[in-house]
$ cat start24.cif   # mmCIF, C-alpha atoms
data_protein
loop_
_atom_site.group_PDB
_atom_site.id
_atom_site.type_symbol
_atom_site.label_atom_id
_atom_site.label_comp_id
_atom_site.auth_asym_id
_atom_site.auth_seq_id
_atom_site.Cartn_x
_atom_site.Cartn_y
_atom_site.Cartn_z
ATOM 1 C CA LYS A 1 -12.786 34.925 -28.064
ATOM 2 C CA MET A 2 -12.064 35.350 -24.357
ATOM 3 C CA LYS A 3 -14.175 38.517 -24.268
ATOM 4 C CA ASN A 4 -17.093 36.684 -25.879
ATOM 5 C CA ILE A 5 -16.862 33.880 -23.304
ATOM 6 C CA ILE A 6 -17.017 36.369 -20.406
ATOM 7 C CA ILE A 7 -20.007 38.225 -21.922
ATOM 8 C CA PHE A 8 -21.823 34.933 -22.540
ATOM 9 C CA GLY A 9 -21.206 33.876 -18.938
ATOM 10 C CA LEU A 10 -22.514 37.125 -17.471
ATOM 11 C CA LEU A 11 -25.617 37.036 -19.679
ATOM 12 C CA LEU A 12 -26.375 33.468 -18.659
ATOM 13 C CA LEU A 13 -26.048 34.331 -14.977
ATOM 14 C CA GLY A 14 -28.469 37.188 -15.468
ATOM 15 C CA VAL A 15 -31.053 34.981 -17.153
ATOM 16 C CA LEU A 16 -30.901 32.439 -14.316
ATOM 17 C CA GLN A 17 -31.526 34.837 -11.418
ATOM 18 C CA SER A 18 -34.660 33.056 -10.210
ATOM 19 C CA TYR A 19 -32.866 30.022 -8.808
ATOM 20 C CA ALA A 20 -31.212 29.155 -5.393
ATOM 21 C CA GLN A 21 -29.168 26.693 -3.328
ATOM 22 C CA GLN A 22 -30.197 23.104 -2.511
ATOM 23 C CA ASP A 23 -26.906 21.310 -1.924
ATOM 24 C CA PRO A 24 -24.145 21.638 0.704
ATOM 25 C CA GLN A 25 -22.652 25.099 1.004
ATOM 26 C CA TYR A 26 -18.878 25.611 0.941
ATOM 27 C CA SER A 27 -16.983 28.727 1.970
ATOM 28 C CA LEU A 28 -13.733 27.320 0.529
ATOM 29 C CA TYR A 29 -15.230 26.498 -2.873
ATOM 30 C CA MET A 30 -12.234 28.083 -4.650
ATOM 31 C CA PHE A 31 -9.977 25.332 -3.244
ATOM 32 C CA ASN A 32 -12.289 22.510 -4.357
ATOM 33 C CA PRO A 33 -13.742 23.557 -7.740
ATOM 34 C CA LEU A 34 -14.747 19.990 -8.659
ATOM 35 C CA ALA A 35 -17.535 20.308 -6.068
ATOM 36 C CA VAL A 36 -19.235 22.996 -8.160
ATOM 37 C CA ASN A 37 -18.227 22.145 -11.745
ATOM 38 C CA PRO A 38 -17.461 18.737 -13.325
ATOM 39 C CA ALA A 39 -15.546 20.390 -16.182
ATOM 40 C CA TYR A 40 -12.776 21.244 -13.683
ATOM 41 C CA ALA A 41 -11.594 17.602 -13.753
ATOM 42 C CA GLY A 42 -7.984 17.435 -14.905
ATOM 43 C CA SER A 43 -7.433 21.192 -15.177
ATOM 44 C CA ARG A 44 -4.865 21.213 -12.385
ATOM 45 C CA GLU A 45 -2.721 18.995 -14.698
ATOM 46 C CA VAL A 46 -1.811 16.622 -11.824
ATOM 47 C CA LEU A 47 -3.510 14.017 -9.652
ATOM 48 C CA SER A 48 -5.188 16.265 -7.084
ATOM 49 C CA GLY A 49 -7.104 15.311 -3.957
ATOM 50 C CA VAL A 50 -9.033 17.516 -1.524
ATOM 51 C CA LEU A 51 -10.640 16.577 1.804
ATOM 52 C CA VAL A 52 -13.148 19.046 3.298
ATOM 53 C CA HIS A 53 -15.039 19.224 6.599
ATOM 54 C CA ARG A 54 -17.654 21.883 7.371
ATOM 55 C CA SER A 55 -19.573 22.481 10.605
ATOM 56 C CA GLN A 56 -22.295 25.063 10.041
ATOM 57 C CA TRP A 57 -24.049 27.038 12.815
ATOM 58 C CA VAL A 58 -21.976 25.521 15.619
ATOM 59 C CA GLY A 59 -23.939 25.156 18.860
ATOM 60 C CA LEU A 60 -27.317 24.607 17.185
ATOM 61 C CA ASP A 61 -28.824 21.145 17.638
ATOM 62 C CA GLY A 62 -29.210 19.406 14.277
ATOM 63 C CA ALA A 63 -27.107 22.001 12.415
ATOM 64 C CA PRO A 64 -25.591 21.025 9.034
ATOM 65 C CA GLU A 65 -22.328 19.087 8.894
ATOM 66 C CA THR A 66 -20.579 18.134 5.663
ATOM 67 C CA GLN A 67 -17.584 15.992 4.740
ATOM 68 C CA ALA A 68 -16.348 15.762 1.153
ATOM 69 C CA LEU A 69 -13.557 13.959 -0.675
ATOM 70 C CA ALA A 70 -12.755 14.993 -4.252
ATOM 71 C CA ILE A 71 -10.097 13.498 -6.529
ATOM 72 C CA ASN A 72 -9.374 14.451 -10.143
ATOM 73 C CA ALA A 73 -6.622 13.996 -12.718
ATOM 74 C CA PRO A 74 -5.954 14.418 -16.441
ATOM 75 C CA LEU A 75 -5.522 11.403 -18.696
ATOM 76 C CA LYS A 76 -2.193 10.855 -20.422
ATOM 77 C CA ASN A 77 -3.188 12.774 -23.562
ATOM 78 C CA LYS A 78 -4.102 15.813 -21.391
ATOM 79 C CA LYS A 79 -7.265 16.302 -23.474
ATOM 80 C CA MET A 80 -9.506 14.536 -20.987
ATOM 81 C CA GLY A 81 -9.894 14.526 -17.241
ATOM 82 C CA LEU A 82 -11.584 12.255 -14.718
ATOM 83 C CA GLY A 83 -12.884 12.975 -11.244
ATOM 84 C CA LEU A 84 -14.542 11.272 -8.286
ATOM 85 C CA GLN A 85 -16.425 12.910 -5.430
ATOM 86 C CA ILE A 86 -17.873 11.447 -2.227
ATOM 87 C CA VAL A 87 -19.991 13.685 0.022
ATOM 88 C CA ASN A 88 -21.637 13.033 3.379
ATOM 89 C CA ASP A 89 -24.103 15.734 4.442
ATOM 90 C CA LYS A 90 -26.214 15.829 7.596
ATOM 91 C CA ILE A 91 -28.857 18.309 8.734
ATOM 92 C CA GLY A 92 -31.445 17.579 11.400
ATOM 93 C CA PRO A 93 -33.207 14.261 10.663
ATOM 94 C CA LYS A 94 -31.778 14.007 7.135
ATOM 95 C CA THR A 95 -28.470 12.455 6.068
ATOM 96 C CA THR A 96 -27.324 12.152 2.463
ATOM 97 C CA GLN A 97 -24.395 10.422 0.803
ATOM 98 C CA ASN A 98 -23.413 11.408 -2.737
ATOM 99 C CA ILE A 99 -21.074 9.392 -4.947
ATOM 100 C CA THR A 100 -20.429 10.919 -8.366
ATOM 101 C CA ALA A 101 -17.915 10.481 -11.175
ATOM 102 C CA ALA A 102 -16.906 13.295 -13.543
ATOM 103 C CA TYR A 103 -15.556 13.353 -17.096
ATOM 104 C CA ALA A 104 -14.160 16.424 -18.857
ATOM 105 C CA TYR A 105 -13.017 16.987 -22.437
ATOM 106 C CA ARG A 106 -10.565 19.871 -22.839
ATOM 107 C CA ILE A 107 -9.568 21.880 -25.906
ATOM 108 C CA LYS A 108 -6.925 24.560 -26.368
ATOM 109 C CA LEU A 109 -8.386 28.068 -26.607
ATOM 110 C CA GLY A 110 -6.208 31.161 -26.635
ATOM 111 C CA ASN A 111 -3.855 31.162 -23.654
ATOM 112 C CA GLY A 112 -5.892 28.569 -21.806
ATOM 113 C CA LYS A 113 -8.166 25.572 -22.151
ATOM 114 C CA LEU A 114 -11.932 25.254 -22.460
ATOM 115 C CA ALA A 115 -13.464 22.124 -20.948
ATOM 116 C CA PHE A 116 -16.883 20.507 -21.163
ATOM 117 C CA GLY A 117 -17.759 18.224 -18.288
ATOM 118 C CA LEU A 118 -20.355 15.645 -17.308
ATOM 119 C CA LYS A 119 -20.963 14.216 -13.855
ATOM 120 C CA GLY A 120 -23.248 11.387 -12.845
ATOM 121 C CA GLY A 121 -23.884 9.315 -9.776
ATOM 122 C CA ILE A 122 -26.278 8.501 -6.984
ATOM 123 C CA ILE A 123 -27.637 10.297 -3.927
ATOM 124 C CA ASN A 124 -28.689 8.229 -0.935
ATOM 125 C CA TYR A 125 -31.168 9.926 1.417
ATOM 126 C CA ASN A 126 -31.769 8.693 4.967
ATOM 127 C CA PHE A 127 -34.440 10.150 7.277
ATOM 128 C CA ASN A 128 -34.952 9.662 11.000
ATOM 129 C CA TRP A 129 -38.580 10.718 11.486
ATOM 130 C CA ASN A 130 -38.281 10.299 15.273
ATOM 131 C CA LYS A 131 -36.154 13.461 15.419
ATOM 132 C CA ILE A 132 -39.020 15.622 14.166
ATOM 133 C CA GLU A 133 -41.419 17.378 16.559
ATOM 134 C CA TYR A 134 -44.796 18.340 15.055
ATOM 135 C CA LYS A 135 -47.032 21.199 16.155
ATOM 136 C CA GLU A 136 -50.069 19.456 14.648
ATOM 137 C CA GLU A 137 -50.617 15.689 14.663
ATOM 138 C CA GLY A 138 -52.075 15.844 11.179
ATOM 139 C CA ASP A 139 -48.733 17.102 9.833
ATOM 140 C CA ALA A 140 -46.810 14.056 11.072
ATOM 141 C CA ILE A 141 -45.105 11.758 8.594
ATOM 142 C CA PRO A 142 -46.891 8.345 8.725
ATOM 143 C CA GLU A 143 -45.005 5.627 10.628
ATOM 144 C CA GLU A 144 -44.956 3.402 7.543
ATOM 145 C CA SER A 145 -43.148 6.065 5.506
ATOM 146 C CA THR A 146 -39.942 5.102 3.775
ATOM 147 C CA THR A 147 -36.785 6.091 5.653
ATOM 148 C CA SER A 148 -34.297 5.937 2.774
ATOM 149 C CA PHE A 149 -34.232 6.784 -0.935
ATOM 150 C CA LEU A 150 -31.700 6.238 -3.687
ATOM 151 C CA ILE A 151 -31.894 8.546 -6.701
ATOM 152 C CA PRO A 152 -29.655 9.277 -9.718
ATOM 153 C CA THR A 153 -28.207 12.698 -10.490
ATOM 154 C CA PHE A 154 -26.567 14.181 -13.604
ATOM 155 C CA ASP A 155 -24.666 17.478 -14.003
ATOM 156 C CA PHE A 156 -23.126 19.436 -16.878
ATOM 157 C CA GLY A 157 -20.464 22.129 -16.797
ATOM 158 C CA MET A 158 -18.142 24.335 -18.850
ATOM 159 C CA TYR A 159 -14.832 25.631 -17.514
ATOM 160 C CA TYR A 160 -12.235 27.930 -19.074
ATOM 161 C CA ASN A 161 -8.918 28.576 -17.363
ATOM 162 C CA THR A 162 -5.491 30.053 -17.865
ATOM 163 C CA ARG A 163 -2.702 30.252 -15.305
ATOM 164 C CA THR A 164 -4.268 33.336 -13.699
ATOM 165 C CA PHE A 165 -7.946 33.282 -14.702
ATOM 166 C CA TYR A 166 -10.953 30.974 -14.714
ATOM 167 C CA LEU A 167 -14.628 31.117 -15.637
ATOM 168 C CA GLY A 168 -17.095 28.307 -15.029
ATOM 169 C CA LEU A 169 -20.785 27.600 -15.631
ATOM 170 C CA ALA A 170 -22.560 24.486 -14.408
ATOM 171 C CA ALA A 171 -26.024 22.986 -14.002
ATOM 172 C CA GLU A 172 -26.686 20.357 -11.319
ATOM 173 C CA HIS A 173 -29.413 17.670 -11.130
ATOM 174 C CA LEU A 174 -30.524 18.031 -14.734
ATOM 175 C CA ASN A 175 -32.669 14.889 -14.472
ATOM 176 C CA GLN A 176 -34.660 16.403 -11.546
ATOM 177 C CA SER A 177 -35.162 13.089 -9.731
ATOM 178 C CA SER A 178 -38.130 12.844 -7.368
ATOM 179 C CA PHE A 179 -39.248 10.453 -4.644
ATOM 180 C CA LYS A 180 -42.221 9.893 -2.359
ATOM 181 C CA PHE A 181 -42.326 9.481 1.410
ATOM 182 C CA ALA A 182 -45.845 8.046 1.606
ATOM 183 C CA GLU A 183 -49.390 8.605 0.418
ATOM 184 C CA SER A 184 -50.766 11.704 2.137
ATOM 185 C CA GLN A 185 -54.310 12.030 3.423
ATOM 186 C CA ASN A 186 -53.814 15.632 4.476
ATOM 187 C CA PRO A 187 -55.162 18.063 1.828
ATOM 188 C CA ASN A 188 -53.093 20.827 3.412
ATOM 189 C CA ASN A 189 -49.894 19.136 2.210
ATOM 190 C CA SER A 190 -50.298 20.608 -1.257
ATOM 191 C CA GLN A 191 -46.624 21.526 -1.354
ATOM 192 C CA LEU A 192 -45.708 17.855 -1.358
ATOM 193 C CA ASP A 193 -46.184 16.388 -4.803
ATOM 194 C CA GLY A 194 -49.415 18.230 -5.453
ATOM 195 C CA GLY A 195 -51.040 17.064 -2.215
ATOM 196 C CA SER A 196 -51.533 13.467 -3.417
ATOM 197 C CA SER A 197 -48.454 12.113 -1.703
ATOM 198 C CA GLY A 198 -45.591 13.177 0.550
ATOM 199 C CA GLY A 199 -42.482 13.606 -1.529
ATOM 200 C CA SER A 200 -39.734 15.808 -2.843
ATOM 201 C CA LYS A 201 -38.043 16.726 -6.096
ATOM 202 C CA LYS A 202 -34.405 17.538 -6.727
ATOM 203 C CA GLY A 203 -34.538 20.816 -8.619
ATOM 204 C CA ILE A 204 -31.904 22.129 -11.008
ATOM 205 C CA ASN A 205 -29.149 24.318 -9.542
ATOM 206 C CA PHE A 206 -27.204 26.745 -11.734
ATOM 207 C CA ILE A 207 -23.706 27.759 -10.658
ATOM 208 C CA GLY A 208 -21.387 30.407 -12.044
ATOM 209 C CA THR A 209 -17.794 30.914 -10.891
ATOM 210 C CA VAL A 210 -15.104 33.371 -11.909
ATOM 211 C CA GLY A 211 -11.667 34.167 -10.557
ATOM 212 C CA ASN A 212 -8.535 36.135 -11.396
ATOM 213 C CA ALA A 213 -5.074 36.384 -9.863
ATOM 214 C CA PHE A 214 -3.254 39.705 -10.151
ATOM 215 C CA VAL A 215 0.503 39.230 -9.777
ATOM 216 C CA LEU A 216 1.633 42.448 -8.068
ATOM 217 C CA ASN A 217 5.292 41.459 -7.643
ATOM 218 C CA ASP A 218 7.438 38.489 -6.602
ATOM 219 C CA ASN A 219 6.049 38.586 -3.065
ATOM 220 C CA PHE A 220 2.366 39.468 -3.408
ATOM 221 C CA VAL A 221 -0.506 38.152 -5.525
ATOM 222 C CA LEU A 222 -4.051 39.501 -5.237
ATOM 223 C CA LYS A 223 -6.576 36.696 -5.775
ATOM 224 C CA THR A 224 -10.228 37.463 -6.456
ATOM 225 C CA SER A 225 -13.146 35.104 -7.054
ATOM 226 C CA ALA A 226 -16.936 34.937 -7.008
ATOM 227 C CA LEU A 227 -19.593 32.241 -6.981
ATOM 228 C CA VAL A 228 -23.268 32.605 -7.919
ATOM 229 C CA ARG A 229 -25.671 29.761 -7.104
ATOM 230 C CA MET A 230 -29.276 29.857 -8.307
ATOM 231 C CA ALA A 231 -32.275 27.562 -7.779
ATOM 232 C CA ASN A 232 -36.015 27.966 -7.296
ATOM 233 C CA ASP A 233 -36.767 31.625 -6.491
ATOM 234 C CA ALA A 234 -33.549 32.899 -4.925
ATOM 235 C CA ILE A 235 -29.917 33.650 -5.671
ATOM 236 C CA ASN A 236 -26.833 33.385 -3.423
ATOM 237 C CA VAL A 237 -23.593 35.216 -4.181
ATOM 238 C CA ASP A 238 -20.123 34.830 -2.636
ATOM 239 C CA ALA A 239 -17.428 37.409 -3.452
ATOM 240 C CA ASN A 240 -13.860 36.796 -2.257
ATOM 241 C CA VAL A 241 -10.566 38.655 -2.183
ATOM 242 C CA GLY A 242 -7.280 37.428 -0.730
ATOM 243 C CA VAL A 243 -3.567 38.214 -0.683
ATOM 244 C CA LEU A 244 -1.059 35.425 -1.346
ATOM 245 C CA ILE A 245 2.270 36.215 0.319
ATOM 246 C CA LYS A 246 5.475 34.736 -1.121
ATOM 247 C CA SER A 247 3.476 31.874 -2.640
ATOM 248 C CA ARG A 248 3.139 30.450 0.879
ATOM 249 C CA VAL A 249 0.332 31.990 2.913
ATOM 250 C CA LEU A 250 -2.980 33.457 1.810
ATOM 251 C CA PHE A 251 -5.246 35.652 3.923
ATOM 252 C CA GLY A 252 -8.688 36.360 2.519
ATOM 253 C CA VAL A 253 -12.206 37.528 3.215
ATOM 254 C CA SER A 254 -15.530 36.749 1.551
ATOM 255 C CA VAL A 255 -18.901 38.470 1.614
ATOM 256 C CA ARG A 256 -22.029 36.352 1.129
ATOM 257 C CA SER A 257 -25.382 37.760 0.075
ATOM 258 C CA THR A 258 -27.049 35.931 2.989
ATOM 259 C CA GLU A 259 -25.437 38.437 5.391
ATOM 260 C CA ALA A 260 -22.327 36.395 6.141
ATOM 261 C CA LEU A 261 -18.731 37.576 6.443
ATOM 262 C CA ILE A 262 -16.105 34.863 5.985
ATOM 263 C CA PHE A 263 -12.466 34.971 7.064
ATOM 264 C CA MET A 264 -10.097 32.417 5.545
ATOM 265 C CA THR A 265 -6.477 31.427 5.247
ATOM 266 C CA GLU A 266 -4.509 28.955 3.120
ATOM 267 C CA LEU A 267 -1.047 27.582 3.841
ATOM 268 C CA ASN A 268 1.039 26.027 1.061
ATOM 269 C CA ILE A 269 3.156 23.699 3.182
ATOM 270 C CA SER A 270 5.033 22.422 0.123
ATOM 271 C CA LYS A 271 4.555 22.207 -3.637
ATOM 272 C CA LYS A 272 2.321 19.185 -3.049
ATOM 273 C CA LEU A 273 0.609 19.780 0.302
ATOM 274 C CA ARG A 274 -1.717 22.635 1.251
ATOM 275 C CA MET A 275 -4.419 23.311 3.800
ATOM 276 C CA GLY A 276 -6.867 26.057 4.700
ATOM 277 C CA VAL A 277 -9.416 27.169 7.261
ATOM 278 C CA ALA A 278 -12.495 29.401 7.048
ATOM 279 C CA TYR A 279 -14.718 30.934 9.725
ATOM 280 C CA ASP A 280 -18.168 32.325 8.861
ATOM 281 C CA VAL A 281 -19.761 35.142 10.835
ATOM 282 C CA ASP A 282 -23.409 34.816 9.823
ATOM 283 C CA ARG A 283 -25.900 37.461 11.001
ATOM 284 C CA SER A 284 -28.951 36.129 9.170
ATOM 285 C CA GLY A 285 -31.911 34.526 10.946
ATOM 286 C CA VAL A 286 -31.208 31.673 13.339
ATOM 287 C CA ALA A 287 -27.496 31.721 12.462
ATOM 288 C CA SER A 288 -26.981 34.933 14.446
ATOM 289 C CA SER A 289 -27.512 33.030 17.718
ATOM 290 C CA THR A 290 -24.831 30.394 16.992
ATOM 291 C CA ALA A 291 -21.043 30.308 17.283
ATOM 292 C CA GLY A 292 -20.656 30.691 13.529
ATOM 293 C CA SER A 293 -19.491 28.121 10.976
ATOM 294 C CA PHE A 294 -16.098 26.465 10.516
ATOM 295 C CA GLU A 295 -14.589 24.833 7.466
ATOM 296 C CA ILE A 296 -11.235 23.165 6.895
ATOM 297 C CA PHE A 297 -9.624 21.568 3.845
ATOM 298 C CA ILE A 298 -6.464 19.582 3.103
ATOM 299 C CA GLY A 299 -5.223 19.228 -0.454
ATOM 300 C CA TYR A 300 -2.484 17.117 -2.006
ATOM 301 C CA ASP A 301 -1.123 17.174 -5.573
ATOM 302 C CA MET A 302 0.923 14.428 -7.210
ATOM 303 C CA GLY A 303 2.586 14.632 -10.611
ATOM 304 C CA ILE A 304 1.676 11.838 -13.030
ATOM 305 C CA PHE A 305 2.615 11.023 -16.638
ATOM 306 C CA LYS A 306 5.898 12.914 -16.062
ATOM 307 C CA SER A 307 3.970 16.081 -15.212
ATOM 308 C CA LYS A 308 5.400 18.331 -12.518
ATOM 309 C CA VAL A 309 3.570 19.993 -9.656
ATOM 310 C CA VAL A 310 3.761 23.682 -10.568
ATOM 311 C CA SER A 311 4.288 26.205 -7.789
ATOM 312 C CA PRO A 312 2.548 28.471 -7.273
ATOM 313 C CA ARG A 313 -0.817 27.186 -8.478
ATOM 314 C CA TYR A 314 -3.234 30.080 -8.337
ATOM 315 C CA PHE A 315 -6.348 27.983 -9.055
#
$ encode --input "start24.cif" --output "structure tokens"
Amino acid sequence: KMKNIIIFGLLLLGVLQSYAQQDPQYSLYMFNPLAVNPAYAGSREVLSGVLVHRSQWVGLDGAPETQALAINAPLKNKKMGLGLQIVNDKIGPKTTQNITAAYAYRIKLGNGKLAFGLKGGIINYNFNWNKIEYKEEGDAIPEESTTSFLIPTFDFGMYYNTRTFYLGLAAEHLNQSSFKFAESQNPNNSQLDGGSSGGSKKGINFIGTVGNAFVLNDNFVLKTSALVRMANDAINVDANVGVLIKSRVLFGVSVRSTEALIFMTELNISKKLRMGVAYDVDRSGVASSTAGSFEIFIGYDMGIFKSKVVSPRYF
């Protein structure tokens, strides 16, 4: 059964190769799986919270900045999990706030559990048109254009995990919400809602994740993981490998298909408290002229329903 799940996952990723990223990018995705798959909710078997901050392309005016808070926990029967995520993302003139709730139903399968998850919520867009400089006056957004939009979003995911392995597949923004800025009189704006109006559409993102921990001995564990994100006509891949030393400190490196090399570390301060830092060296396009990207996370686990915080937790 496990072999069939892996084959199905790889086939699905192959079919979806024509899609790429729309949402915030995380280098430390493996420490906050709820951000990329709603079916993760409750799989850590404790009340788990993660706070993330990311500054991308430091030194570039208007560069992306992201803050995220994710909380998830199993229900008492351990068959279901709930999660909540709040994200604030800013890039140039655009700021978005996402508030989503996740539900997962989990069933025993082999040595692990297979979960099916749903996530729904709202995305609030805010635009400051005054921050945009136009080469041509005819391209300018009309002054009467709306500066904020509120749209719904719905996701679906599947997640299988054991103590040392996980495999996840998810689809974001299944409802493909759209909104309009203003009626456009410029026939050249054909990319915006067919040229009849200025607007945008939230396309579907497909995400695949996989990870495995190889326990070498009592002191060293080799942790490997990968993430594939697809939307529109492109595909982004992150591949990571790290060494966990004495269940305390992890040193790792990731390679991203967009020509980025990422160095990261995680410190398990106690059974409950952990934190990590990542630094991206990005040599693609405009990113090569910046000071790189930084990301930091803090995580805290709390046992509930008489459950204990297990140490070490590989995923």
$ resolve_selection --input "start24.cif" --expression "the PyMOL selection byres ((chain A and resi 41) around 8)" --output "PDB file with C-alpha atoms, in the frame of the given file"
ATOM      1  CA  LEU A  34     -14.747  19.990  -8.659  1.00  0.00           C
ATOM      2  CA  PRO A  38     -17.461  18.737 -13.325  1.00  0.00           C
ATOM      3  CA  ALA A  39     -15.546  20.390 -16.182  1.00  0.00           C
ATOM      4  CA  TYR A  40     -12.776  21.244 -13.683  1.00  0.00           C
ATOM      5  CA  GLY A  42      -7.984  17.435 -14.905  1.00  0.00           C
ATOM      6  CA  SER A  43      -7.433  21.192 -15.177  1.00  0.00           C
ATOM      7  CA  ARG A  44      -4.865  21.213 -12.385  1.00  0.00           C
ATOM      8  CA  ASN A  72      -9.374  14.451 -10.143  1.00  0.00           C
ATOM      9  CA  ALA A  73      -6.622  13.996 -12.718  1.00  0.00           C
ATOM     10  CA  PRO A  74      -5.954  14.418 -16.441  1.00  0.00           C
ATOM     11  CA  GLY A  81      -9.894  14.526 -17.241  1.00  0.00           C
ATOM     12  CA  LEU A  82     -11.584  12.255 -14.718  1.00  0.00           C
ATOM     13  CA  GLY A  83     -12.884  12.975 -11.244  1.00  0.00           C
ATOM     14  CA  ALA A 102     -16.906  13.295 -13.543  1.00  0.00           C
ATOM     15  CA  TYR A 103     -15.556  13.353 -17.096  1.00  0.00           C
ATOM     16  CA  ALA A 104     -14.160  16.424 -18.857  1.00  0.00           C
ATOM     17  CA  GLY A 117     -17.759  18.224 -18.288  1.00  0.00           C
TER      18      GLY A 117
END
$ atom_distance --input "start24.cif" --atom1 "atom CA of A:Met302" --atom2 "atom CA of A:Lys76"
14.0 Å
$ closest_residue --input "start24.cif" --among "A:Pro24, A:Gly242, A:Gly49, A:Gly168" --to "A:Asp301" --atoms "only C-alpha atoms"
A:Gly49
$ atom_distance --input "start24.cif" --atom1 "atom CA of A:Gly303" --atom2 "atom CA of A:Arg163"
17.1 Å
$ resolve_selection --input "start24.cif" --expression "the PyMOL selection byres ((chain A and resi 216-233) around 7)" --output "PDB file with C-alpha atoms, in the coordinates of the input"
ATOM      1  CA  LEU A  16     -30.901  32.439 -14.316  1.00  0.00           C
ATOM      2  CA  GLN A  17     -31.526  34.837 -11.418  1.00  0.00           C
ATOM      3  CA  SER A  18     -34.660  33.056 -10.210  1.00  0.00           C
ATOM      4  CA  TYR A  19     -32.866  30.022  -8.808  1.00  0.00           C
ATOM      5  CA  ALA A  20     -31.212  29.155  -5.393  1.00  0.00           C
ATOM      6  CA  GLN A  21     -29.168  26.693  -3.328  1.00  0.00           C
ATOM      7  CA  ILE A 204     -31.904  22.129 -11.008  1.00  0.00           C
ATOM      8  CA  ASN A 205     -29.149  24.318  -9.542  1.00  0.00           C
ATOM      9  CA  PHE A 206     -27.204  26.745 -11.734  1.00  0.00           C
ATOM     10  CA  ILE A 207     -23.706  27.759 -10.658  1.00  0.00           C
ATOM     11  CA  GLY A 208     -21.387  30.407 -12.044  1.00  0.00           C
ATOM     12  CA  THR A 209     -17.794  30.914 -10.891  1.00  0.00           C
ATOM     13  CA  VAL A 210     -15.104  33.371 -11.909  1.00  0.00           C
ATOM     14  CA  GLY A 211     -11.667  34.167 -10.557  1.00  0.00           C
ATOM     15  CA  ASN A 212      -8.535  36.135 -11.396  1.00  0.00           C
ATOM     16  CA  ALA A 213      -5.074  36.384  -9.863  1.00  0.00           C
ATOM     17  CA  PHE A 214      -3.254  39.705 -10.151  1.00  0.00           C
ATOM     18  CA  VAL A 215       0.503  39.230  -9.777  1.00  0.00           C
ATOM     19  CA  ALA A 234     -33.549  32.899  -4.925  1.00  0.00           C
ATOM     20  CA  ILE A 235     -29.917  33.650  -5.671  1.00  0.00           C
ATOM     21  CA  ASN A 236     -26.833  33.385  -3.423  1.00  0.00           C
ATOM     22  CA  VAL A 237     -23.593  35.216  -4.181  1.00  0.00           C
ATOM     23  CA  ASP A 238     -20.123  34.830  -2.636  1.00  0.00           C
ATOM     24  CA  ALA A 239     -17.428  37.409  -3.452  1.00  0.00           C
ATOM     25  CA  ASN A 240     -13.860  36.796  -2.257  1.00  0.00           C
ATOM     26  CA  VAL A 241     -10.566  38.655  -2.183  1.00  0.00           C
ATOM     27  CA  GLY A 242      -7.280  37.428  -0.730  1.00  0.00           C
ATOM     28  CA  VAL A 243      -3.567  38.214  -0.683  1.00  0.00           C
ATOM     29  CA  LEU A 244      -1.059  35.425  -1.346  1.00  0.00           C
ATOM     30  CA  ILE A 245       2.270  36.215   0.319  1.00  0.00           C
ATOM     31  CA  LYS A 246       5.475  34.736  -1.121  1.00  0.00           C
TER      32      LYS A 246
END
$ resolve_selection --input "start24.cif" --expression "the PyMOL selection byres ((chain A and resi 109-114) around 6)" --output "list in words"
Arg106, Ile107, Lys108, Ala115, Tyr159, Tyr160, Asn161 and Thr162 of chain A
$ decode --input "start24.cif" --residues "stretch 72-81 of chain A" --atoms "N, CA and C atoms" --output "PDB file, in the first residue's frame"
ATOM      1  N   ASN A  72      -2.076  24.073  15.129  1.00  0.00           N
ATOM      2  CA  ASN A  72      -2.878  22.895  14.816  1.00  0.00           C
ATOM      3  C   ASN A  72      -2.816  21.898  15.966  1.00  0.00           C
ATOM      4  N   ALA A  73      -3.848  21.055  16.043  1.00  0.00           N
ATOM      5  CA  ALA A  73      -3.925  20.070  17.126  1.00  0.00           C
ATOM      6  C   ALA A  73      -4.897  18.971  16.734  1.00  0.00           C
ATOM      7  N   PRO A  74      -4.704  17.773  17.285  1.00  0.00           N
ATOM      8  CA  PRO A  74      -5.685  16.696  17.065  1.00  0.00           C
ATOM      9  C   PRO A  74      -6.859  16.873  18.031  1.00  0.00           C
ATOM     10  N   LEU A  75      -8.017  16.329  17.660  1.00  0.00           N
ATOM     11  CA  LEU A  75      -9.122  16.265  18.602  1.00  0.00           C
ATOM     12  C   LEU A  75      -8.914  15.061  19.523  1.00  0.00           C
ATOM     13  N   LYS A  76      -9.749  14.943  20.529  1.00  0.00           N
ATOM     14  CA  LYS A  76      -9.537  13.933  21.561  1.00  0.00           C
ATOM     15  C   LYS A  76      -9.518  12.521  21.008  1.00  0.00           C
ATOM     16  N   ASN A  77     -10.329  12.256  19.960  1.00  0.00           N
ATOM     17  CA  ASN A  77     -10.371  10.899  19.409  1.00  0.00           C
ATOM     18  C   ASN A  77      -9.187  10.585  18.499  1.00  0.00           C
ATOM     19  N   LYS A  78      -8.327  11.571  18.252  1.00  0.00           N
ATOM     20  CA  LYS A  78      -7.118  11.434  17.430  1.00  0.00           C
ATOM     21  C   LYS A  78      -7.404  11.118  15.963  1.00  0.00           C
ATOM     22  N   LYS A  79      -8.684  11.023  15.585  1.00  0.00           N
ATOM     23  CA  LYS A  79      -9.022  10.751  14.191  1.00  0.00           C
ATOM     24  C   LYS A  79      -9.177  12.030  13.373  1.00  0.00           C
ATOM     25  N   MET A  80      -9.301  13.141  14.046  1.00  0.00           N
ATOM     26  CA  MET A  80      -9.486  14.417  13.368  1.00  0.00           C
ATOM     27  C   MET A  80      -8.515  15.455  13.910  1.00  0.00           C
ATOM     28  N   GLY A  81      -8.204  16.423  13.075  1.00  0.00           N
ATOM     29  CA  GLY A  81      -7.324  17.499  13.482  1.00  0.00           C
ATOM     30  C   GLY A  81      -7.861  18.828  13.004  1.00  0.00           C
TER      31      GLY A  81
END
